[in-house]
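For reference, the structure is listed below as structure tokens.
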Amino acid sequence: MKHARVAATLFACLVVACVAHAQGGAVDLLGAAGSGRNVLAPTGGPGASPMSRPVDPAEYVVGPGDMLQLNLSGALSRSWEALILPEGTLYVPGVGPVPMTGLTLVEARRAVLQRLSSEYRGVTVDLRLLRARSFLVKLVGETTQPGALEVPATRRASEVLTESLFNPNGSRRRVEVRRPTPQGESRIVMDLTRFRLTGFLAQDPLLHEGDVLFFPRGIAAATMEGAVARAGSFELVAGDSLSTLLSLAGGVDRNSTDQAVLVRFQDATRKDSLSFRISDVLARRFDTPMRDGDRVYVYYQPRYHFLEEASLSGEVQRPGTYPLLPGMSRLSDLVRVAGGFLPGADLASLRVFRPSIGASDPDPELDRLSQLGRGDMTASEYETLRARVTARRQDFRVDWNRVKPGGDLDLVLRDGDLVRVDPVVNAVRVEGEVRLPGLIHYEPGRKVQDYVRLAGGFSDRAWRGKVRVKRAVTGQTILAKDVASLEPGDLVWVPERREPSTWGSVQAVLLVATQLATVVLALRLL
């Protein structure tokens, strides 16, 4: 009998070694006389897949490919690692094959214990899952990947049903796990939308071999808008009510009122509305069933917690953002709470940036005129271009020296305004066709020609009659001959003289020749 057991053990080792060789792994065939641990499994296989929670032994069904560990303790201490073979059996040394097909891990422990109890006395038996197998499940219905999908045996249905598997029309709230059983097909319905939005999931089974994941088509939806956390359209299933929809929408927002309205179609042409209170829904005093096409609107509180504010930056004592309080929303109020100006502030040119409504909207007429040259536009088109460009500007300047608190020039600020106080620039900038363009120190009383002379004088290509000055305070561009005196920060621009075109010269010669010929002809007729 003893020799028969040894022969059976060697035969089991040979079988498992062949299986391991077919899977490309290495096998340790140490016997009980060695380390006391028989490893009857490949050691080079893939590692265990990550799991969201521990495996429930009463729920996990073992099958071919599972790696189990058999531990004996007590009078005899020994440990084996064994693979469930493709025919669904687990070979236990000294006992033989034990059928595992269709057994949970708890039932598999009981079956092994019954087989070993006749061979070993005073020994405690424990069977553990060491590494889970993988198998195929089928995807059918409104899915982007119909067919077979390989999943680890420790995966639950919610972990496999990712958004990428759903077609746009697929239902996320009625996914079915169809499972063959001896009593017939069982169906487990899963509400993934509710699980993802609220965390509630009634059933989330471990997947088994032979499972079919059915993706049905969504057939009904209702919409919740207004002061809720997640406004939008939500799929409806049987039993959904107003409280369900409110839960899917994440509940009401903090700036909501207690008032809401339900709008639904009575028939193909008639609509009806029903006002209700959110507090009644939360207290379950009112909770009507939802229908396909229903729309629920939760009202906002007007300007709830809305605070207007403006920012002040640059050469001030305390730059930052300040609230625009009732009766304290003028420019002088903002300067006062910011502590006033620093000594180097340019008080003649405070810049105010105000976001303009519609400034970013497309303007086809402006785009058309911007592509034309000045000579290609009529006088009316040119003025239209200038007006539209000016209207889209989001900044303007204020001369603080002329501002009186509460006066007409004391700007009433709006929410989002930004006031920037630049340091004073005690220079005049000369650019264009001059020999030494750059900044020239400002001195009161100097004329335009003085600054041009200090910039090295005109270049050979300067158009002296078209010199312009851009004002630092107003941003206007005017001819130099109309400027009585310059201010710090002004820009003197000397343009390039135009070169007469050849065709223009020919036209001028022909025009003069035609006029002379006309005069000669008139004299001869006299």
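Chains: A, B, ... in order of the structure tokens. Residues: from 1 per chain. Ligands: from 1, in order shown.
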
(message) Residues near stretch 214-222 of chain A, anyone? I mean within 9 Å using only C-alpha atoms, not counting same-chain ones fewer than 3 positions away, as a ChimeraX atom specification.
(response) /A:138-143,166-167,169-178,232-237,245,290-296

(request) Could you find all residues in stretch 16-197 of chain A that DSSP calls strand (DSSP E or B) from the backbone, and write them as a ChimeraX atom specification? (result) /A:28,37-40,61,67-74,78-83,89-92,96-99,104,123-131,134-141,143,147-152,156,166,170,175-181,184-190

Could you turn the residues from that selection into a file that holds C-alpha atoms, as a PDB file, in the first residue's frame?
```pdb
ATOM      1  CA  ASP A  28       9.437  22.709  -8.185  1.00  0.00           C
ATOM      2  CA  ARG A  37       6.405  21.998   0.616  1.00  0.00           C
ATOM      3  CA  ASN A  38       5.222  20.550  -2.699  1.00  0.00           C
ATOM      4  CA  VAL A  39       4.750  23.217  -5.375  1.00  0.00           C
ATOM      5  CA  LEU A  40       2.611  21.638  -8.029  1.00  0.00           C
ATOM      6  CA  VAL A  61     -16.865  29.464  -7.882  1.00  0.00           C
ATOM      7  CA  MET A  67      -4.275  28.039  -8.366  1.00  0.00           C
ATOM      8  CA  LEU A  68      -5.157  26.676  -4.904  1.00  0.00           C
ATOM      9  CA  GLN A  69      -3.069  26.127  -1.792  1.00  0.00           C
ATOM     10  CA  LEU A  70      -3.760  23.122   0.446  1.00  0.00           C
ATOM     11  CA  ASN A  71      -2.441  23.452   3.997  1.00  0.00           C
ATOM     12  CA  LEU A  72      -2.268  20.656   6.599  1.00  0.00           C
ATOM     13  CA  SER A  73      -1.551  21.482  10.227  1.00  0.00           C
ATOM     14  CA  GLY A  74      -1.596  19.552  13.494  1.00  0.00           C
ATOM     15  CA  ARG A  78       2.527  20.201   4.968  1.00  0.00           C
ATOM     16  CA  SER A  79       1.554  22.589   2.182  1.00  0.00           C
ATOM     17  CA  TRP A  80       0.764  22.003  -1.496  1.00  0.00           C
ATOM     18  CA  GLU A  81       0.011  24.359  -4.357  1.00  0.00           C
ATOM     19  CA  ALA A  82      -2.104  22.758  -7.045  1.00  0.00           C
ATOM     20  CA  LEU A  83      -3.786  23.864 -10.236  1.00  0.00           C
ATOM     21  CA  THR A  89     -10.392  18.245 -10.899  1.00  0.00           C
ATOM     22  CA  LEU A  90      -7.838  19.040  -8.206  1.00  0.00           C
ATOM     23  CA  TYR A  91      -5.202  16.377  -7.615  1.00  0.00           C
ATOM     24  CA  VAL A  92      -4.373  15.909  -3.926  1.00  0.00           C
ATOM     25  CA  GLY A  96      -6.120  11.461  -5.903  1.00  0.00           C
ATOM     26  CA  PRO A  97      -8.303  13.739  -8.032  1.00  0.00           C
ATOM     27  CA  VAL A  98     -11.132  15.639  -6.353  1.00  0.00           C
ATOM     28  CA  PRO A  99     -13.948  17.030  -8.601  1.00  0.00           C
ATOM     29  CA  THR A 104     -17.722  27.481  -4.436  1.00  0.00           C
ATOM     30  CA  VAL A 123      -4.900  17.088  11.035  1.00  0.00           C
ATOM     31  CA  THR A 124      -6.628  20.399  10.241  1.00  0.00           C
ATOM     32  CA  VAL A 125      -7.197  21.014   6.517  1.00  0.00           C
ATOM     33  CA  ASP A 126      -7.371  24.462   4.883  1.00  0.00           C
ATOM     34  CA  LEU A 127      -7.828  25.218   1.171  1.00  0.00           C
ATOM     35  CA  ARG A 128      -7.104  28.728  -0.104  1.00  0.00           C
ATOM     36  CA  LEU A 129      -7.308  30.518  -3.426  1.00  0.00           C
ATOM     37  CA  LEU A 130      -3.767  31.488  -4.353  1.00  0.00           C
ATOM     38  CA  ARG A 131      -4.206  32.928  -7.853  1.00  0.00           C
ATOM     39  CA  SER A 134      -9.370  34.174 -16.343  1.00  0.00           C
ATOM     40  CA  PHE A 135     -12.291  33.179 -18.545  1.00  0.00           C
ATOM     41  CA  LEU A 136     -14.570  34.532 -21.269  1.00  0.00           C
ATOM     42  CA  VAL A 137     -17.945  36.253 -20.947  1.00  0.00           C
ATOM     43  CA  LYS A 138     -20.135  37.332 -23.863  1.00  0.00           C
ATOM     44  CA  LEU A 139     -21.291  40.877 -24.638  1.00  0.00           C
ATOM     45  CA  VAL A 140     -24.545  41.299 -26.600  1.00  0.00           C
ATOM     46  CA  GLY A 141     -26.955  44.137 -27.373  1.00  0.00           C
ATOM     47  CA  THR A 143     -22.405  47.484 -27.036  1.00  0.00           C
ATOM     48  CA  GLY A 147     -18.580  39.044 -28.707  1.00  0.00           C
ATOM     49  CA  ALA A 148     -16.300  37.443 -26.125  1.00  0.00           C
ATOM     50  CA  LEU A 149     -14.400  39.397 -23.477  1.00  0.00           C
ATOM     51  CA  GLU A 150     -11.668  37.904 -21.265  1.00  0.00           C
ATOM     52  CA  VAL A 151     -12.031  38.849 -17.596  1.00  0.00           C
ATOM     53  CA  PRO A 152     -10.310  37.720 -14.367  1.00  0.00           C
ATOM     54  CA  ARG A 156     -17.399  42.004 -10.522  1.00  0.00           C
ATOM     55  CA  PHE A 166     -21.802  51.198 -24.335  1.00  0.00           C
ATOM     56  CA  GLY A 170     -27.406  51.722 -24.742  1.00  0.00           C
ATOM     57  CA  VAL A 175     -27.813  46.079 -17.859  1.00  0.00           C
ATOM     58  CA  GLU A 176     -28.477  42.372 -17.385  1.00  0.00           C
ATOM     59  CA  VAL A 177     -26.117  39.603 -16.255  1.00  0.00           C
ATOM     60  CA  ARG A 178     -27.679  36.494 -17.772  1.00  0.00           C
ATOM     61  CA  ARG A 179     -26.412  33.322 -16.093  1.00  0.00           C
ATOM     62  CA  PRO A 180     -27.270  29.672 -16.877  1.00  0.00           C
ATOM     63  CA  THR A 181     -28.188  27.657 -13.781  1.00  0.00           C
ATOM     64  CA  GLY A 184     -32.801  27.758 -15.815  1.00  0.00           C
ATOM     65  CA  GLU A 185     -31.440  31.155 -16.809  1.00  0.00           C
ATOM     66  CA  SER A 186     -31.197  33.774 -14.044  1.00  0.00           C
ATOM     67  CA  ARG A 187     -31.075  37.508 -14.767  1.00  0.00           C
ATOM     68  CA  ILE A 188     -29.410  40.083 -12.520  1.00  0.00           C
ATOM     69  CA  VAL A 189     -30.308  43.688 -13.428  1.00  0.00           C
ATOM     70  CA  MET A 190     -27.779  46.423 -12.665  1.00  0.00           C
TER      71      MET A 190
END
```

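With atom CA of A:Glu431 on one side and atom CA of A:Gly375 on the other, the separation reads 24.4 Å.
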
(message) Considering only alpha helix (DSSP H) as DSSP defines it on the backbone, what residues of stretch 308-502 of chain A qualify? List them as a ChimeraX atom specification.
(response) /A:331-337,364-370,379-391,448-454,502

Can I get the selection written as an mmCIF file, in the first residue's frame, with N, CA and C atoms?
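To be explicit, this is the file written out as result.cif:
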```
data_model
loop_
_atom_site.group_PDB
_atom_site.id
_atom_site.type_symbol
_atom_site.label_atom_id
_atom_site.label_comp_id
_atom_site.auth_asym_id
_atom_site.auth_seq_id
_atom_site.Cartn_x
_atom_site.Cartn_y
_atom_site.Cartn_z
ATOM 1 N N LEU A 331 -14.714 105.222 -8.576
ATOM 2 C CA LEU A 331 -13.264 105.094 -8.685
ATOM 3 C C LEU A 331 -12.573 105.692 -7.464
ATOM 4 N N SER A 332 -13.055 106.809 -6.976
ATOM 5 C CA SER A 332 -12.439 107.443 -5.810
ATOM 6 C C SER A 332 -12.576 106.563 -4.568
ATOM 7 N N ASP A 333 -13.685 105.818 -4.454
ATOM 8 C CA ASP A 333 -13.844 104.903 -3.315
ATOM 9 C C ASP A 333 -12.817 103.783 -3.374
ATOM 10 N N LEU A 334 -12.574 103.251 -4.573
ATOM 11 C CA LEU A 334 -11.596 102.173 -4.727
ATOM 12 C C LEU A 334 -10.199 102.654 -4.390
ATOM 13 N N VAL A 335 -9.850 103.872 -4.838
ATOM 14 C CA VAL A 335 -8.520 104.420 -4.548
ATOM 15 C C VAL A 335 -8.360 104.662 -3.050
ATOM 16 N N ARG A 336 -9.437 105.105 -2.413
ATOM 17 C CA ARG A 336 -9.361 105.401 -0.978
ATOM 18 C C ARG A 336 -9.134 104.133 -0.165
ATOM 19 N N VAL A 337 -9.895 103.051 -0.434
ATOM 20 C CA VAL A 337 -9.724 101.829 0.356
ATOM 21 C C VAL A 337 -8.387 101.153 0.046
ATOM 22 N N PRO A 364 -18.707 89.966 -38.930
ATOM 23 C CA PRO A 364 -18.334 89.769 -40.340
ATOM 24 C C PRO A 364 -17.960 91.067 -41.045
ATOM 25 N N GLU A 365 -18.652 92.155 -40.743
ATOM 26 C CA GLU A 365 -18.350 93.423 -41.410
ATOM 27 C C GLU A 365 -16.981 93.941 -40.999
ATOM 28 N N LEU A 366 -16.636 93.813 -39.720
ATOM 29 C CA LEU A 366 -15.318 94.225 -39.263
ATOM 30 C C LEU A 366 -14.232 93.370 -39.901
ATOM 31 N N ASP A 367 -14.478 92.069 -40.008
ATOM 32 C CA ASP A 367 -13.492 91.199 -40.653
ATOM 33 C C ASP A 367 -13.298 91.572 -42.120
ATOM 34 N N ARG A 368 -14.388 91.931 -42.786
ATOM 35 C CA ARG A 368 -14.275 92.311 -44.204
ATOM 36 C C ARG A 368 -13.482 93.604 -44.380
ATOM 37 N N LEU A 369 -13.807 94.603 -43.567
ATOM 38 C CA LEU A 369 -13.127 95.894 -43.704
ATOM 39 C C LEU A 369 -11.664 95.800 -43.286
ATOM 40 N N SER A 370 -11.351 94.914 -42.334
ATOM 41 C CA SER A 370 -9.965 94.796 -41.866
ATOM 42 C C SER A 370 -9.045 94.251 -42.945
ATOM 43 N N ALA A 379 -14.955 106.643 -47.771
ATOM 44 C CA ALA A 379 -14.854 107.401 -46.529
ATOM 45 C C ALA A 379 -15.801 106.847 -45.476
ATOM 46 N N SER A 380 -17.000 106.446 -45.911
ATOM 47 C CA SER A 380 -17.973 105.879 -44.974
ATOM 48 C C SER A 380 -17.483 104.551 -44.395
ATOM 49 N N GLU A 381 -16.893 103.696 -45.237
ATOM 50 C CA GLU A 381 -16.378 102.423 -44.750
ATOM 51 C C GLU A 381 -15.227 102.616 -43.780
ATOM 52 N N TYR A 382 -14.380 103.588 -44.054
ATOM 53 C CA TYR A 382 -13.251 103.847 -43.168
ATOM 54 C C TYR A 382 -13.721 104.310 -41.792
ATOM 55 N N GLU A 383 -14.720 105.170 -41.749
ATOM 56 C CA GLU A 383 -15.261 105.627 -40.471
ATOM 57 C C GLU A 383 -15.957 104.486 -39.733
ATOM 58 N N THR A 384 -16.630 103.611 -40.506
ATOM 59 C CA THR A 384 -17.263 102.449 -39.885
ATOM 60 C C THR A 384 -16.222 101.535 -39.244
ATOM 61 N N LEU A 385 -15.102 101.332 -39.940
ATOM 62 C CA LEU A 385 -14.023 100.507 -39.407
ATOM 63 C C LEU A 385 -13.485 101.091 -38.116
ATOM 64 N N ARG A 386 -13.228 102.384 -38.089
ATOM 65 C CA ARG A 386 -12.680 103.019 -36.887
ATOM 66 C C ARG A 386 -13.663 102.924 -35.728
ATOM 67 N N ALA A 387 -14.952 103.122 -36.019
ATOM 68 C CA ALA A 387 -15.953 103.079 -34.950
ATOM 69 C C ALA A 387 -16.062 101.676 -34.356
ATOM 70 N N ARG A 388 -16.029 100.662 -35.223
ATOM 71 C CA ARG A 388 -16.179 99.293 -34.713
ATOM 72 C C ARG A 388 -14.941 98.839 -33.952
ATOM 73 N N VAL A 389 -13.767 99.232 -34.398
ATOM 74 C CA VAL A 389 -12.548 98.889 -33.672
ATOM 75 C C VAL A 389 -12.541 99.565 -32.306
ATOM 76 N N THR A 390 -12.970 100.819 -32.259
ATOM 77 C CA THR A 390 -13.015 101.534 -30.982
ATOM 78 C C THR A 390 -14.028 100.919 -30.033
ATOM 79 N N ALA A 391 -15.178 100.494 -30.583
ATOM 80 C CA ALA A 391 -16.218 99.910 -29.740
ATOM 81 C C ALA A 391 -15.780 98.592 -29.108
ATOM 82 N N VAL A 448 7.298 119.529 -30.866
ATOM 83 C CA VAL A 448 7.513 118.279 -31.584
ATOM 84 C C VAL A 448 8.837 118.304 -32.314
ATOM 85 N N GLN A 449 9.129 119.455 -32.973
ATOM 86 C CA GLN A 449 10.373 119.527 -33.735
ATOM 87 C C GLN A 449 11.610 119.445 -32.839
ATOM 88 N N ASP A 450 11.470 119.871 -31.562
ATOM 89 C CA ASP A 450 12.591 119.764 -30.635
ATOM 90 C C ASP A 450 12.921 118.297 -30.337
ATOM 91 N N TYR A 451 11.872 117.506 -30.131
ATOM 92 C CA TYR A 451 12.118 116.088 -29.841
ATOM 93 C C TYR A 451 12.632 115.358 -31.082
ATOM 94 N N VAL A 452 12.172 115.755 -32.284
ATOM 95 C CA VAL A 452 12.688 115.148 -33.509
ATOM 96 C C VAL A 452 14.167 115.492 -33.674
ATOM 97 N N ARG A 453 14.517 116.725 -33.360
ATOM 98 C CA ARG A 453 15.923 117.138 -33.481
ATOM 99 C C ARG A 453 16.792 116.361 -32.500
ATOM 100 N N LEU A 454 16.290 116.179 -31.233
ATOM 101 C CA LEU A 454 17.066 115.424 -30.240
ATOM 102 C C LEU A 454 17.176 113.955 -30.615
ATOM 103 N N THR A 502 5.343 104.139 -60.934
ATOM 104 C CA THR A 502 5.614 104.459 -62.347
ATOM 105 C C THR A 502 4.334 104.746 -63.093
#
```

(request) Just the residues within 12 Å of A:Ser243, please, counting only C-alpha atoms, with nothing from its chain fewer than 5 positions along; format it as a ChimeraX atom specification. (result) /A:224,248-252,277-290,296
